[in-house]
Amino acid sequence: MVLICLAVLGRVFFIQHVQGKYWRALSDSLHQKYVDLGAERGTIYSEDGNMLSTSVPYFNIYIDFEADGLREKNGKRFRENLDSLSFCLAGLFKDQSAAVYKKQLLQGYKAEDRYYLLHRNLSFDQYKQLRSFPLVRQGRNKSGFITEASSKRLNPFGLLANRTIGLSRDNAQNVGLERTYDSLLRGENGRKLVRYLNAGTYIPVEGYEIDPENGKDILTTIDVNTQDIAENALLSMLVENECEHGTCIVMETATGKIRAMANLGRQPDGSYWEDLNYAIRASEPGSTFKLATLLSLLEDHDVKLTDHLNIEGGTWKIGKRTVHDSEKQEISDVTVEQAFEHSSNVGMAKLVVAHYTQHPQQFVDHLKKLKLNEVTGIDLAGETSPIIKSPKSRSWSASTLPWMAFGYEVLVSPLQTLTLYNAVANNGKMMKPYLVNSVQYAGGIDRQNMPVVMMDKVCSDETLSELKTCLEGVCARGTARSAFKNTFYTVAGKTGTALVANGNRGYADHIYQSSFVGYFPADHPRYTCIVVIKNKPFAKKYLGALVAGPVFREVSDKLMSLEAIATDSNSINYFTSQIKKDSTAYYYAGSTNELKNVMQTLQISYADSSRNEKWAGLYREKNQPVVKAKNEDARQVPDVKGMGLKDALFLLESRDIRVATRGRGKVKQQSIPAGTPVTKNQKLTLDLN
């Protein structure tokens, strides 16, 4: 027995002192673990600063009823605040009475619950109110209240550009910009140590946290007003004509910035939602492709706009197939320009067959030079690859070349078509479409995107001039003349009406894709826009000029009104008014030399009353900027309103004033008025704008 006892005691000593560190670490690993602290996801903004997608904080509230502050003096603090706390909780949440809250809190206290769940998913406003409640406002150690913050991703504008912006979701793949820029938006997660209690409950261990690094913000090229105009115009036509889906894209001609990208699809209940990004999905474009065809013919100098051809009333049989025009043609003998203006499939097919049958690759090479065989590279994931056939393709046949001439047997996205038309509007310079202006972090610019030129010249100046003439003719005399009748500005563009297949049923259901793409004002293009709409089977109204044209017209009318542009018979005239003196109130402050340097660099005249002092303010007086010296008495609290934080901290801390700040930007308010005598250990709070 003695030997056995000695052996047991020896083993105990060995485990406790020799292996003790190992076993304690093993125990901790079973009862403690690190969990991730989610970083705050960056916000996506429109170009004018509106939030398009942001993370809204939500809070889960727990109570540690074993907290020392609640247990000291036999729970005196808890019992003194119980009634008032219960009353406040009932008033805030309105889900149960104060008596029920009091009963539940007492039960949790008696059970000595270390992680009692009080409420889930509090909004930020509710959380702010809760922090002011009795007991809670005394702090975590005394109240036992524990807050766990989380966030939910919201699109404040709802449907507006929903598919383009995307939505970050926990259990599904992100789409849109949320997906493309996910690595920048999500930031870096932190970690915290938690201790296991029971039944899967963990509580955080104080002092063992690594703070997360928040995500970066994205400033897009989207303009909220333009997006709203495009979506409403598109939605109105989709509802009126019971269409299957549609897209409308507005591009800034000079830069390639996407100002609006609306995508709406019909849902089972008949409503419309941004379900897919139709703007970047390739399909047979139809007659809008004729611009590329005409460009190729003109560039090879095989064709002139004044050349005549016979379109045979809009029907032409080639081999075993027949080419049909979308509308019956009144005359057969037309010029090339008239064939384009009236969107004759027969005319374009005949021209291509006549000039490229012996060397079809030459026509295909033109299409490739226009980058119609490449994705645009816009900063959106999911852009589908285009298909431009060549004579080496397995599916190439005798009818491929003539059908390609009017936009069949090729697949390109609306965004690719828009990019080509924008190049014509931009005097031949092809711009890369893009959606993001900059990536920002902590108020500064981390990455700046600039306009990218994909091609300096898509064609010769002579061809470019002829293309513009034809596109303007479409809207003045051709298929779109009714859509743009009586506009106070000129429009250049092209209609498109393509018969599309319906799966295994082929073309039997007579489903048409209506489109219109163009730019305005034609003499001085500001915007290029495309509208593509897929109609329902056997729709009574399906022509591009009747379905897509009115959407384009509504967008262009409203944008031109916003831009305050008017036209006369000869030229574009911008509404201008005499420049008036600035009457806006403003105030800036900082280094006198820096303020003067800014004014001199911008060549702005100003009145100088700074008396060569080191610090000054800049403000308006009698419609003139004035630089005025600030009080520099070291015995008084300085006036730092209007300063950047760097200058404000330098001035205040040089007077031994302790500074706390709230917000970002320039100083909007200071808690101690300027001129107050400086005292020892003085603390001042700055509110930034």
# chains A, B, ... in the order shown; residues from 1 in each chain; ligands from 1
>>> residues_around(residues="A:Asp608", least_positions_apart="6", cutoff="7 Å", atoms="only C-alpha atoms", output="VMD selection string")
chain A and resid 626 to 628
>>> closest_residue(among="A:Arg655, A:Lys494, A:Lys257, A:His17", to="A:Met450", atoms="only C-alpha atoms")
A:Lys257
>>> closest_residue(among="A:Phe340, A:Tyr58, A:Phe78, A:Tyr606", to="A:Tyr109", atoms="only C-alpha atoms")
A:Phe78
>>> closest_residue(among="A:Ser150, A:Asn426, A:Gln636, A:Asn593", to="A:Ser465", atoms="only C-alpha atoms")
A:Asn426
>>> residues_around(residues="A:Asn214", least_positions_apart="2", cutoff="9 Å", atoms="only C-alpha atoms", output="VMD selection string")
chain A and resid 38 to 42 185 to 189 212 216 441
>>> atom_distance(atom1="atom CA of A:Gly644", atom2="atom CA of A:Met51")
24.6 Å
>>> atom_distance(atom1="atom CA of A:Thr54", atom2="atom CA of A:Arg153")
5.7 Å
>>> closest_residue(among="A:Phe363, A:Ala349, A:Gln338, A:Lys33", to="A:Arg477", atoms="only C-alpha atoms")
A:Gln338
>>> select_by_dssp(residues="stretch 59-305 of chain A", states="strand (DSSP E)", output="PyMOL selection string")
chain A and resi 59-63+116-122+145-154+190-196+202-210+217-220+245-252+258-266+272-273
>>> residues_around(residues="A:Glu80", least_positions_apart="6", cutoff="12 Å", atoms="only C-alpha atoms", output="PyMOL selection string")
chain A and resi 70+73-74+86+134-135+143
>>> closest_residue(among="A:Asp325, A:Val346, A:Met431, A:Glu337", to="A:Ile311", atoms="only C-alpha atoms")
A:Val346
>>> residues_around(residues="A:Val436", least_positions_apart="3", cutoff="8 Å", atoms="only C-alpha atoms", output="ChimeraX atom specification")
/A:218-221,379,439,449
>>> residues_around(residues="A:Thr322", least_positions_apart="2", cutoff="12 Å", atoms="only C-alpha atoms", output="JSON, numbers by chain")
{"A": [312, 314, 315, 316, 317, 318, 319, 320, 324, 325, 345, 346, 349, 350, 399, 402, 403]}
>>> select_by_dssp(residues="stretch 286-390 of chain A", states="helix (DSSP H, G or I)", output="NGL selection string")
:A and (286-299 or 312-314 or 336-341 or 345-356 or 360-369)
>>> residues_around(residues="A:Glu554", least_positions_apart="4", cutoff="12 Å", atoms="only C-alpha atoms", output="list in words")
Thr226, Asp228, Ile229, Ala230, Glu231, Asn232, Ala233, Leu234, Leu235, Ser236, Met237, Cys248, Ala483, Phe484, Thr487, Cys529, Val531, Val547, Ala548, Gly549, Pro550, Lys558, Leu559, Met560 and Ser561 of chain A
>>> write_last_selection(atoms="C-alpha atoms", output="PDB file, in the first residue's frame")
ATOM      1  CA  THR A 226     -28.820  59.537 -64.849  1.00  0.00           C
ATOM      2  CA  ASP A 228     -32.718  56.884 -62.179  1.00  0.00           C
ATOM      3  CA  ILE A 229     -33.723  58.375 -65.548  1.00  0.00           C
ATOM      4  CA  ALA A 230     -32.473  55.304 -67.455  1.00  0.00           C
ATOM      5  CA  GLU A 231     -34.183  52.794 -65.157  1.00  0.00           C
ATOM      6  CA  ASN A 232     -37.534  54.572 -65.126  1.00  0.00           C
ATOM      7  CA  ALA A 233     -37.567  55.014 -68.901  1.00  0.00           C
ATOM      8  CA  LEU A 234     -36.661  51.343 -69.407  1.00  0.00           C
ATOM      9  CA  LEU A 235     -39.153  50.094 -66.813  1.00  0.00           C
ATOM     10  CA  SER A 236     -41.995  52.097 -68.362  1.00  0.00           C
ATOM     11  CA  MET A 237     -41.533  50.444 -71.767  1.00  0.00           C
ATOM     12  CA  CYS A 248     -30.041  50.704 -71.014  1.00  0.00           C
ATOM     13  CA  ALA A 483     -38.917  58.664 -82.555  1.00  0.00           C
ATOM     14  CA  PHE A 484     -36.892  61.884 -82.676  1.00  0.00           C
ATOM     15  CA  THR A 487     -36.342  67.320 -80.584  1.00  0.00           C
ATOM     16  CA  CYS A 529     -26.544  55.471 -75.140  1.00  0.00           C
ATOM     17  CA  VAL A 531     -31.205  50.441 -75.350  1.00  0.00           C
ATOM     18  CA  VAL A 547     -39.750  49.922 -78.537  1.00  0.00           C
ATOM     19  CA  ALA A 548     -36.135  50.966 -77.881  1.00  0.00           C
ATOM     20  CA  GLY A 549     -36.368  54.374 -79.566  1.00  0.00           C
ATOM     21  CA  PRO A 550     -38.837  55.932 -77.076  1.00  0.00           C
ATOM     22  CA  LYS A 558     -34.092  64.522 -69.687  1.00  0.00           C
ATOM     23  CA  LEU A 559     -30.299  64.529 -69.815  1.00  0.00           C
ATOM     24  CA  MET A 560     -30.280  67.378 -72.308  1.00  0.00           C
ATOM     25  CA  SER A 561     -32.642  69.313 -70.067  1.00  0.00           C
TER      26      SER A 561
END
